[in-house]
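The next block is my_file.cif, given as mmCIF, C-alpha atoms and all ligand atoms.
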```cif
data_run
#
loop_
_atom_site.group_PDB
_atom_site.id
_atom_site.type_symbol
_atom_site.label_atom_id
_atom_site.label_comp_id
_atom_site.auth_asym_id
_atom_site.auth_seq_id
_atom_site.Cartn_x
_atom_site.Cartn_y
_atom_site.Cartn_z
ATOM 1 C CA MET Q 480 -23.074 -14.913 6.459
ATOM 2 C CA ALA Q 481 -25.421 -17.251 4.695
ATOM 3 C CA ASP Q 482 -23.062 -20.140 4.089
ATOM 4 C CA ALA Q 483 -24.872 -22.614 6.294
ATOM 5 C CA THR Q 484 -22.321 -25.380 6.614
ATOM 6 C CA LEU Q 485 -22.434 -28.574 8.577
ATOM 7 C CA ALA Q 486 -20.156 -27.922 11.539
ATOM 8 C CA PRO Q 487 -21.921 -26.638 14.652
ATOM 9 C CA VAL Q 488 -19.425 -23.856 15.308
ATOM 10 C CA PHE Q 489 -19.597 -20.303 16.562
ATOM 11 C CA GLU Q 490 -20.154 -17.547 14.071
ATOM 12 C CA PRO Q 491 -17.525 -15.046 15.172
ATOM 13 C CA THR Q 492 -18.916 -11.511 15.351
ATOM 14 C CA PRO Q 493 -17.048 -9.207 12.970
ATOM 15 C CA LEU Q 494 -15.455 -6.124 14.516
ATOM 16 C CA PRO Q 495 -17.173 -2.933 13.318
ATOM 17 C CA VAL Q 496 -15.277 -1.188 10.515
ATOM 18 C CA ARG Q 497 -15.489 2.239 12.216
ATOM 19 C CA ASP Q 498 -13.541 0.813 15.184
ATOM 20 C CA ILE Q 499 -10.846 -0.536 12.893
ATOM 21 C CA MET Q 500 -10.263 2.497 10.655
ATOM 22 C CA PRO Q 501 -8.177 4.741 12.977
ATOM 23 C CA TRP Q 502 -5.888 1.830 13.862
ATOM 24 C CA ALA Q 503 -5.716 0.828 10.203
ATOM 25 C CA ILE Q 504 -4.315 4.252 9.319
ATOM 26 C CA PHE Q 505 -1.803 4.022 12.168
ATOM 27 C CA ALA Q 506 -0.717 0.517 11.066
ATOM 28 C CA ALA Q 507 -0.470 1.633 7.437
ATOM 29 C CA VAL Q 508 1.928 4.418 8.455
ATOM 30 C CA ILE Q 509 4.093 1.909 10.370
ATOM 31 C CA GLY Q 510 3.940 -0.501 7.409
ATOM 32 C CA VAL Q 511 4.939 2.137 4.868
ATOM 33 C CA ILE Q 512 7.879 3.259 7.025
ATOM 34 C CA ALA Q 513 9.002 -0.380 7.441
ATOM 35 C CA PHE Q 514 8.808 -1.051 3.697
ATOM 36 C CA TYR Q 515 10.468 2.255 2.949
ATOM 37 C CA PHE Q 516 13.545 1.768 5.098
ATOM 38 C CA THR Q 517 14.158 -1.885 4.283
ATOM 39 C CA GLY Q 518 13.236 -1.621 0.608
ATOM 40 C CA LEU Q 519 13.686 1.848 -0.838
ATOM 41 C CA GLU Q 520 15.722 4.427 1.114
ATOM 42 C CA GLN Q 521 19.013 5.363 -0.579
ATOM 43 C CA GLY Q 522 18.197 2.921 -3.345
ATOM 44 C CA ALA Q 523 15.318 3.705 -5.661
ATOM 45 C CA THR Q 524 14.788 6.988 -3.796
ATOM 46 C CA ALA Q 525 16.264 8.847 -0.849
ATOM 47 C CA VAL Q 526 15.268 11.180 1.974
ATOM 48 C CA PHE Q 527 18.633 11.155 3.740
ATOM 49 C CA ASP Q 528 22.001 11.834 2.100
ATOM 50 C CA GLY Q 529 24.725 9.257 1.807
ATOM 51 C CA SER Q 530 24.427 5.486 1.708
ATOM 52 C CA ALA Q 531 24.744 4.417 5.355
ATOM 53 C CA ILE Q 532 21.115 3.235 5.722
ATOM 54 C CA HIS Q 533 21.250 1.413 2.381
ATOM 55 C CA GLU Q 534 24.514 -0.275 3.315
ATOM 56 C CA TYR Q 535 23.336 -1.187 6.811
ATOM 57 C CA VAL Q 536 20.152 -3.005 5.679
ATOM 58 C CA HIS Q 537 21.726 -4.078 2.377
ATOM 59 C CA ASP Q 538 21.673 -7.856 2.897
ATOM 60 C CA ALA Q 539 18.126 -7.740 4.228
ATOM 61 C CA ARG Q 540 17.057 -5.667 1.233
ATOM 62 C CA HIS Q 541 18.396 -8.287 -1.191
ATOM 63 C CA LEU Q 542 17.139 -11.303 0.771
ATOM 64 C CA LEU Q 543 13.677 -9.864 1.424
ATOM 65 C CA GLY Q 544 13.250 -9.540 -2.332
ATOM 66 C CA PHE Q 545 13.511 -5.790 -2.865
ATOM 67 C CA PRO Q 546 15.252 -4.586 -6.021
ATOM 68 C CA CYS Q 547 18.838 -3.465 -5.375
ATOM 69 C CA HIS Q 548 21.997 -3.913 -7.409
ATOM 70 C CA MET B 248 -9.715 -4.095 20.984
ATOM 71 C CA VAL B 249 -8.182 -3.229 17.643
ATOM 72 C CA GLY B 250 -5.333 -1.426 19.399
ATOM 73 C CA LYS B 251 -4.596 -4.563 21.410
ATOM 74 C CA LEU B 252 -4.661 -6.652 18.235
ATOM 75 C CA LEU B 253 -2.246 -4.214 16.587
ATOM 76 C CA MET B 254 0.114 -4.398 19.558
ATOM 77 C CA ARG B 255 0.103 -8.193 19.378
ATOM 78 C CA GLY B 256 0.670 -8.021 15.621
ATOM 79 C CA LEU B 257 3.759 -5.859 16.118
ATOM 80 C CA LEU B 258 5.151 -8.175 18.833
ATOM 81 C CA VAL B 259 4.472 -11.259 16.719
ATOM 82 C CA GLY B 260 6.228 -9.448 13.848
ATOM 83 C CA LEU B 261 9.232 -8.884 16.105
ATOM 84 C CA LEU B 262 9.361 -12.614 16.854
ATOM 85 C CA ALA B 263 8.969 -13.463 13.156
ATOM 86 C CA GLY B 264 11.783 -11.053 12.298
ATOM 87 C CA ILE B 265 14.164 -12.722 14.738
ATOM 88 C CA VAL B 266 13.329 -16.218 13.422
ATOM 89 C CA ALA B 267 13.608 -14.949 9.833
ATOM 90 C CA PHE B 268 17.043 -13.539 10.638
ATOM 91 C CA GLY B 269 18.186 -17.030 11.678
ATOM 92 C CA ILE B 270 16.929 -18.523 8.408
ATOM 93 C CA ALA B 271 18.389 -15.642 6.401
ATOM 94 C CA TYR B 272 21.752 -15.971 8.100
ATOM 95 C CA LEU B 273 21.916 -19.756 7.628
ATOM 96 C CA PHE B 274 20.513 -20.079 4.107
ATOM 97 C CA GLY B 275 20.631 -16.596 2.589
ATOM 98 C CA GLU B 276 24.082 -15.343 3.536
ATOM 99 C CA PRO B 277 26.118 -18.143 1.856
ATOM 100 C CA PRO B 278 24.764 -17.494 -1.681
ATOM 101 C CA LEU B 279 24.811 -13.743 -1.023
ATOM 102 C CA SER B 280 28.511 -13.903 -0.133
ATOM 103 C CA GLU B 281 29.211 -15.947 -3.251
ATOM 104 C CA ALA B 282 27.442 -13.336 -5.359
ATOM 105 C CA ILE B 283 29.641 -10.622 -3.850
ATOM 106 C CA LEU B 284 32.676 -12.785 -4.609
ATOM 107 C CA PHE B 285 31.514 -12.996 -8.232
ATOM 108 C CA GLU B 286 31.024 -9.220 -8.246
ATOM 109 C CA GLU B 287 34.598 -8.701 -7.065
ATOM 110 C CA GLN B 288 35.959 -11.120 -9.683
ATOM 111 C CA MET B 289 34.087 -9.236 -12.425
ATOM 112 C CA ALA B 290 35.351 -5.894 -11.098
ATOM 113 C CA ALA B 291 38.929 -7.220 -11.117
ATOM 114 C CA LEU B 292 38.630 -8.047 -14.820
ATOM 115 C CA GLU B 293 37.609 -4.506 -15.744
ATOM 116 C CA VAL B 294 40.146 -1.922 -16.824
ATOM 117 C CA PRO B 295 40.678 0.236 -13.743
ATOM 118 C CA ASP B 296 39.390 3.789 -14.039
ATOM 119 C CA PRO B 297 42.344 6.139 -13.361
ATOM 120 C CA HIS B 298 39.985 8.747 -11.903
ATOM 121 C CA ALA B 299 38.248 6.333 -9.581
ATOM 122 C CA VAL B 300 38.532 7.179 -5.905
ATOM 123 C CA GLU B 301 38.816 4.202 -3.630
ATOM 124 C CA GLU B 302 35.739 4.532 -1.421
ATOM 125 C CA GLU B 303 35.783 3.178 2.058
ATOM 126 C CA ALA B 304 32.803 0.938 2.749
ATOM 127 C CA PRO B 305 30.630 2.737 5.337
ATOM 128 C CA VAL B 306 29.409 -0.577 6.777
ATOM 129 C CA SER B 307 31.489 -3.752 7.031
ATOM 130 C CA ARG B 308 30.346 -7.029 5.488
ATOM 131 C CA THR B 309 30.114 -8.551 8.971
ATOM 132 C CA THR B 310 27.755 -5.805 10.138
ATOM 133 C CA GLN B 311 25.648 -6.172 7.000
ATOM 134 C CA ALA B 312 25.348 -9.923 7.520
ATOM 135 C CA THR B 313 24.548 -9.760 11.249
ATOM 136 C CA THR B 314 23.076 -6.664 12.943
ATOM 137 C CA GLY B 315 22.149 -5.038 9.636
ATOM 138 C CA LEU B 316 20.367 -8.161 8.438
ATOM 139 C CA LEU B 317 18.623 -8.557 11.815
ATOM 140 C CA THR B 318 17.510 -4.898 11.790
ATOM 141 C CA GLY B 319 16.118 -5.235 8.284
ATOM 142 C CA THR B 320 14.199 -8.462 8.877
ATOM 143 C CA VAL B 321 12.828 -7.196 12.211
ATOM 144 C CA ILE B 322 11.678 -3.821 10.826
ATOM 145 C CA LEU B 323 9.937 -5.377 7.834
ATOM 146 C CA SER B 324 8.409 -8.211 9.873
ATOM 147 C CA MET B 325 7.042 -5.775 12.451
ATOM 148 C CA GLY B 326 5.506 -3.702 9.687
ATOM 149 C CA LEU B 327 3.976 -6.837 8.181
ATOM 150 C CA GLY B 328 2.801 -8.036 11.617
ATOM 151 C CA GLY B 329 1.109 -4.704 12.321
ATOM 152 C CA MET B 330 -0.678 -4.648 8.990
ATOM 153 C CA PHE B 331 -1.574 -8.315 9.406
ATOM 154 C CA ALA B 332 -3.340 -7.483 12.693
ATOM 155 C CA ILE B 333 -5.502 -4.928 10.871
ATOM 156 C CA VAL B 334 -6.302 -7.366 8.053
ATOM 157 C CA PHE B 335 -7.234 -9.882 10.733
ATOM 158 C CA ALA B 336 -9.493 -7.337 12.467
ATOM 159 C CA PHE B 337 -11.317 -6.804 9.164
ATOM 160 C CA ALA B 338 -11.432 -10.437 8.124
ATOM 161 C CA HIS B 339 -12.199 -12.337 11.318
ATOM 162 C CA GLY B 340 -15.894 -13.144 11.300
ATOM 163 C CA ARG B 341 -16.137 -12.223 7.638
ATOM 164 C CA LEU B 342 -14.248 -15.225 6.236
ATOM 165 C CA GLY B 343 -16.510 -17.983 7.474
ATOM 166 C CA HIS B 344 -16.995 -20.063 10.589
ATOM 167 C CA LEU B 345 -13.423 -19.934 11.793
ATOM 168 C CA GLY B 346 -11.931 -19.643 15.241
ATOM 169 C CA VAL B 347 -9.221 -17.085 15.984
ATOM 170 C CA PRO B 348 -6.196 -19.373 15.368
ATOM 171 C CA GLN B 349 -7.737 -20.772 12.183
ATOM 172 C CA SER B 350 -8.585 -17.309 10.833
ATOM 173 C CA SER B 351 -5.057 -16.185 11.627
ATOM 174 C CA ALA B 352 -3.394 -19.173 9.926
ATOM 175 C CA LEU B 353 -5.615 -18.950 6.841
ATOM 176 C CA LEU B 354 -5.045 -15.200 6.527
ATOM 177 C CA ALA B 355 -1.277 -15.602 6.885
ATOM 178 C CA ALA B 356 -1.318 -18.222 4.111
ATOM 179 C CA LEU B 357 -3.255 -15.812 1.893
ATOM 180 C CA CYS B 358 -0.812 -13.034 2.786
ATOM 181 C CA PHE B 359 2.167 -15.233 1.907
ATOM 182 C CA VAL B 360 0.700 -15.985 -1.522
ATOM 183 C CA THR B 361 -0.386 -12.390 -2.145
ATOM 184 C CA VAL B 362 2.460 -10.328 -0.730
ATOM 185 C CA SER B 363 5.393 -12.716 -1.197
ATOM 186 C CA LEU B 364 4.851 -15.652 -3.573
ATOM 187 C CA VAL B 365 3.053 -13.987 -6.496
ATOM 188 C CA PRO B 366 5.390 -10.950 -6.715
ATOM 189 C CA TRP B 367 8.333 -13.377 -6.371
ATOM 190 C CA LEU B 368 7.058 -15.396 -9.367
ATOM 191 C CA LYS B 369 7.446 -12.339 -11.615
ATOM 192 C CA TYR B 370 10.252 -10.413 -9.922
ATOM 193 C CA PRO B 371 12.124 -12.859 -7.683
ATOM 194 C CA ALA B 372 14.792 -11.703 -5.274
ATOM 195 C CA ASN B 373 18.089 -10.960 -6.986
ATOM 196 C CA PRO B 374 21.516 -11.471 -5.426
ATOM 197 C CA PRO B 375 24.105 -8.678 -5.692
ATOM 198 C CA ALA B 376 25.730 -8.238 -9.127
ATOM 199 C CA SER B 377 22.853 -9.923 -10.982
ATOM 200 C CA THR B 378 21.106 -6.709 -12.090
ATOM 201 C CA PHE B 379 22.110 -3.275 -13.443
ATOM 202 C CA ASP B 380 22.670 -0.539 -10.856
ATOM 203 C CA ASP B 381 21.005 2.163 -12.920
ATOM 204 C CA THR B 382 17.691 0.342 -13.390
ATOM 205 C CA VAL B 383 16.927 0.094 -9.661
ATOM 206 C CA ALA B 384 14.214 2.801 -9.750
ATOM 207 C CA TYR B 385 12.483 1.150 -12.711
ATOM 208 C CA ARG B 386 12.708 -2.320 -11.138
ATOM 209 C CA THR B 387 11.391 -0.977 -7.843
ATOM 210 C CA GLN B 388 8.386 0.564 -9.617
ATOM 211 C CA LEU B 389 7.679 -2.742 -11.360
ATOM 212 C CA TYR B 390 8.003 -4.619 -8.075
ATOM 213 C CA PHE B 391 5.563 -2.402 -6.191
ATOM 214 C CA LEU B 392 3.143 -2.334 -9.141
ATOM 215 C CA MET B 393 3.231 -6.129 -9.134
ATOM 216 C CA LEU B 394 2.620 -6.144 -5.372
ATOM 217 C CA ALA B 395 -0.336 -3.764 -5.754
ATOM 218 C CA LEU B 396 -1.877 -5.851 -8.553
ATOM 219 C CA SER B 397 -1.415 -9.025 -6.525
ATOM 220 C CA ILE B 398 -3.181 -7.464 -3.516
ATOM 221 C CA ALA B 399 -5.967 -6.219 -5.818
ATOM 222 C CA ALA B 400 -6.431 -9.721 -7.286
ATOM 223 C CA SER B 401 -6.678 -11.327 -3.828
ATOM 224 C CA ALA B 402 -8.987 -8.658 -2.397
ATOM 225 C CA GLY B 403 -11.163 -8.825 -5.509
ATOM 226 C CA SER B 404 -11.514 -12.617 -5.343
ATOM 227 C CA LEU B 405 -12.376 -12.501 -1.622
ATOM 228 C CA MET B 406 -15.098 -9.937 -2.357
ATOM 229 C CA LEU B 407 -16.346 -12.050 -5.244
ATOM 230 C CA ARG B 408 -16.498 -15.094 -2.958
ATOM 231 C CA ARG B 409 -18.550 -13.137 -0.433
ATOM 232 C CA LYS B 410 -20.940 -12.017 -3.179
ATOM 233 C CA LEU B 411 -21.418 -15.571 -4.451
ATOM 234 C CA LEU B 412 -21.888 -17.131 -0.998
ATOM 235 C CA PRO B 413 -25.680 -16.725 -0.583
ATOM 236 C CA GLN B 414 -26.477 -18.223 -3.983
ATOM 237 C CA HIS B 415 -23.792 -20.861 -4.417
ATOM 238 C CA GLY B 416 -22.717 -21.916 -0.944
ATOM 239 C CA ALA B 417 -19.204 -21.895 0.516
ATOM 240 C CA TRP B 418 -17.554 -24.561 -1.631
ATOM 241 C CA ARG B 419 -18.683 -23.419 -5.066
ATOM 242 C CA ALA B 420 -18.219 -19.747 -4.207
ATOM 243 C CA SER B 421 -14.629 -20.530 -3.131
ATOM 244 C CA VAL B 422 -13.853 -22.574 -6.263
ATOM 245 C CA ILE B 423 -15.191 -19.861 -8.572
ATOM 246 C CA ALA B 424 -13.257 -17.182 -6.670
ATOM 247 C CA VAL B 425 -10.016 -19.199 -6.865
ATOM 248 C CA ILE B 426 -10.441 -19.769 -10.618
ATOM 249 C CA CYS B 427 -11.044 -16.050 -11.199
ATOM 250 C CA TYR B 428 -8.034 -15.288 -8.996
ATOM 251 C CA LEU B 429 -5.756 -17.637 -10.972
ATOM 252 C CA VAL B 430 -6.904 -16.152 -14.298
ATOM 253 C CA ALA B 431 -6.312 -12.610 -13.016
ATOM 254 C CA VAL B 432 -2.854 -13.461 -11.639
ATOM 255 C CA GLY B 433 -1.970 -15.296 -14.879
ATOM 256 C CA LEU B 434 -2.909 -12.258 -16.945
ATOM 257 C CA VAL B 435 -0.894 -9.928 -14.700
ATOM 258 C CA LEU B 436 2.167 -12.227 -14.769
ATOM 259 C CA GLY B 437 1.942 -12.356 -18.560
ATOM 260 C CA ALA B 438 1.372 -8.624 -19.029
ATOM 261 C CA MET B 439 4.093 -7.234 -16.711
ATOM 262 C CA PRO B 440 7.414 -6.613 -18.481
ATOM 263 C CA ALA B 441 10.204 -9.112 -17.886
ATOM 264 C CA VAL B 442 13.519 -8.075 -16.338
ATOM 265 C CA ASN B 443 16.528 -10.008 -17.642
ATOM 266 C CA GLU B 444 19.730 -8.282 -16.643
ATOM 267 C CA THR B 445 21.781 -11.130 -15.243
ATOM 268 C CA PRO B 446 25.305 -11.460 -16.654
ATOM 269 C CA GLU B 447 25.811 -14.713 -18.535
ATOM 270 C CA ALA B 448 28.693 -15.761 -16.319
ATOM 271 C CA PHE B 449 26.683 -15.414 -13.097
ATOM 272 C CA PRO B 450 26.748 -18.830 -11.336
ATOM 273 C CA ALA B 451 23.319 -20.444 -11.731
ATOM 274 C CA ASP B 452 23.467 -22.412 -8.482
ATOM 275 C CA VAL B 453 24.101 -19.225 -6.496
ATOM 276 C CA PHE B 454 21.120 -17.659 -8.239
ATOM 277 C CA TRP B 455 18.861 -20.597 -7.426
ATOM 278 C CA ASP B 456 20.000 -20.902 -3.799
ATOM 279 C CA PHE B 457 19.547 -17.190 -3.239
ATOM 280 C CA ARG B 458 16.035 -17.060 -4.640
ATOM 281 C CA ILE B 459 14.846 -20.151 -2.785
ATOM 282 C CA ALA B 460 16.356 -18.783 0.445
ATOM 283 C CA SER B 461 14.520 -15.517 -0.101
ATOM 284 C CA LEU B 462 11.195 -17.287 -0.625
ATOM 285 C CA GLY B 463 11.883 -19.449 2.440
ATOM 286 C CA ILE B 464 12.527 -16.349 4.573
ATOM 287 C CA MET B 465 9.184 -14.859 3.532
ATOM 288 C CA PHE B 466 7.460 -18.176 4.170
ATOM 289 C CA VAL B 467 8.902 -18.345 7.677
ATOM 290 C CA ILE B 468 7.886 -14.748 8.434
ATOM 291 C CA TRP B 469 4.271 -15.438 7.455
ATOM 292 C CA ALA B 470 4.197 -18.847 9.165
ATOM 293 C CA VAL B 471 5.386 -17.371 12.475
ATOM 294 C CA ILE B 472 2.992 -14.417 12.184
ATOM 295 C CA GLY B 473 0.052 -16.672 11.302
ATOM 296 C CA LEU B 474 0.588 -19.210 14.077
ATOM 297 C CA ALA B 475 1.815 -16.897 16.847
ATOM 298 C CA PHE B 476 -0.800 -14.222 16.210
ATOM 299 C CA GLY B 477 -3.548 -16.850 16.434
ATOM 300 C CA ILE B 478 -2.325 -17.847 19.891
ATOM 301 C CA ALA B 479 -1.727 -14.264 21.051
ATOM 302 C CA ALA B 480 -5.072 -12.937 19.826
ATOM 303 C CA GLU B 481 -7.278 -15.799 20.976
ATOM 304 C CA ARG B 482 -7.326 -14.527 24.570
ATOM 305 C CA LEU B 483 -8.840 -11.260 23.381
ATOM 306 C CA PHE B 484 -11.972 -13.084 22.238
ATOM 307 C CA PRO B 485 -13.357 -14.549 25.480
ATOM 308 C CA GLY B 486 -16.215 -17.010 25.438
ATOM 309 C CA ARG B 487 -15.606 -17.920 21.858
ATOM 310 C CA PRO B 488 -14.050 -21.368 21.756
ATOM 311 C CA ALA B 489 -12.030 -22.144 18.671
ATOM 312 C CA ALA B 490 -14.104 -23.586 15.854
ATOM 313 C CA ARG B 491 -12.792 -27.105 15.805
ATOM 314 C CA GLY B 492 -12.625 -28.427 12.286
ATOM 315 C CA GLY B 493 -14.038 -25.121 11.079
ATOM 316 C CA ILE B 494 -11.271 -24.613 8.564
ATOM 317 C CA LEU B 495 -12.608 -27.483 6.485
ATOM 318 C CA THR B 496 -16.186 -26.261 6.415
ATOM 319 C CA ALA B 497 -15.898 -22.487 6.098
HETATM 320 ZN ZN ZN E 1 22.600 -4.410 -3.410
#
```
Write out the structure in this file as structure tokens.
Amino acid sequence: MADATLAPVFEPTPLPVRDIMPWAIFAAVIGVIAFYFTGLEQGATAVFDGSAIHEYVHDARHLLGFPCH
Amino acid sequence: MVGKLLMRGLLVGLLAGIVAFGIAYLFGEPPLSEAILFEEQMAALEVPDPHAVEEEAPVSRTTQATTGLLTGTVILSMGLGGMFAIVFAFAHGRLGHLGVPQSSALLAALCFVTVSLVPWLKYPANPPASTFDDTVAYRTQLYFLMLALSIAASAGSLMLRRKLLPQHGAWRASVIAVICYLVAVGLVLGAMPAVNETPEAFPADVFWDFRIASLGIMFVIWAVIGLAFGIAAERLFPGRPAARGGILTA
């Protein structure tokens, strides 16, 4: 990076993007599942029947800012 | 390396979820319970439907407010912690002359603004009985569209800053990027449709307390992730002492 600033500090070496990508996909899957079950399932959309999951995480869904009722 | 970072991100997310549960229980549950009380009062005023079947609640209020709430905050926080680790892996060394803890704290602050604060400004958390049941799909679409636009605005400004760095230096590149970011966010906030479904009789103090509690919960999640991940990840970067004072000069 060319921003030569005053502090004599280490320039951290960036991790190569090709090393990050497989883990990024894995983390994205985990993230989507986490968002899905706290925010969406048996609310805006549903994979499972009934309302048990919705009811169980209901307070978290409201307080974490996801649309509910 | 990245796998180890991801593991630490998930564990830090678990910790953040537990702390967030404490905050949610202390500050979020009281207004939430009052909203449910209001909901019951409103329901009592309605003419009872003779065909209505009395449904048994599948989960008790106590479960919702304790283990259910804990499960929800932990699952979401772990998801956020995992994704934060990946963002950190991309950003560290590309943000400026920052040590691991400083990179982590700065990134968590950016994540709080991008993922939590900006969407909250347009579509803040709503307590029970303050919106219509049948618009939940529409409101969810708006919420996630807002989240996507907010992420796009932040990512775009960071890329712009990087582009401007060689010519303008760190300070001016950052100021220009922040101005462009604020304009973009302002336009998005203005352009997205408003949602106003709250019944007139809904108690305003409950509304306020609930929304501030919700923002506080998100703040705590990101604060714990940002600080704890910095400590947990620093050991993975041996021989690279933290850039003391680097946060002010990056
Ligand atoms: Zn609800």
What are the closest atom pairs, with distances in Å to one decimal, for each residue of chain Q lying within 8 Å of ligand ZN 1 (chain E), using all atoms listed in the file, rows by chain and rising residue number, as a Markdown table?
```
| residue | atom | partner | partner_atom | distance |
| --- | --- | --- | --- | --- |
| Q:His537 | CA | E:ZN1 | ZN | 5.9 |
| Q:Asp538 | CA | E:ZN1 | ZN | 7.2 |
| Q:Arg540 | CA | E:ZN1 | ZN | 7.3 |
| Q:His541 | CA | E:ZN1 | ZN | 6.1 |
| Q:Pro546 | CA | E:ZN1 | ZN | 7.8 |
| Q:Cys547 | CA | E:ZN1 | ZN | 4.3 |
| Q:His548 | CA | E:ZN1 | ZN | 4.1 |
```
For chain Q, which residue out of B:Arg308, B:Arg409, B:His344, B:His298 is the nearest one, using only C-alpha atoms? B:His344
If I put a ball of radius 8 Å at (3.9, -12.4, 4.8) in the file's coordinates, which residues poke into it when counting only C-alpha atoms, written as a PyMOL selection string? chain B and resi 324+327+355-356+358-360+362-363+465-466+468-470+472
Please compute the atom CA of B:Leu317-atom CA of B:Phe391 distance, one decimal, in Å. 23.1 Å
Nearest residue to Q:Phe514 from the set B:Val365, B:Ile265, B:Met254, B:Leu323 (distances using all atoms listed in the file): B:Leu323
When you look at stretch 517-519 of chain Q with a cut-off of 9 Å (counting only C-alpha atoms), what residues show up, excluding the ones that are within fewer than 4 positions of it in the same chain? I need them as a PyMOL selection string. (chain Q and resi 512-513+523-525+532-533+536-537+539-541+543-547) or (chain B and resi 318-320+322-323+384+387)
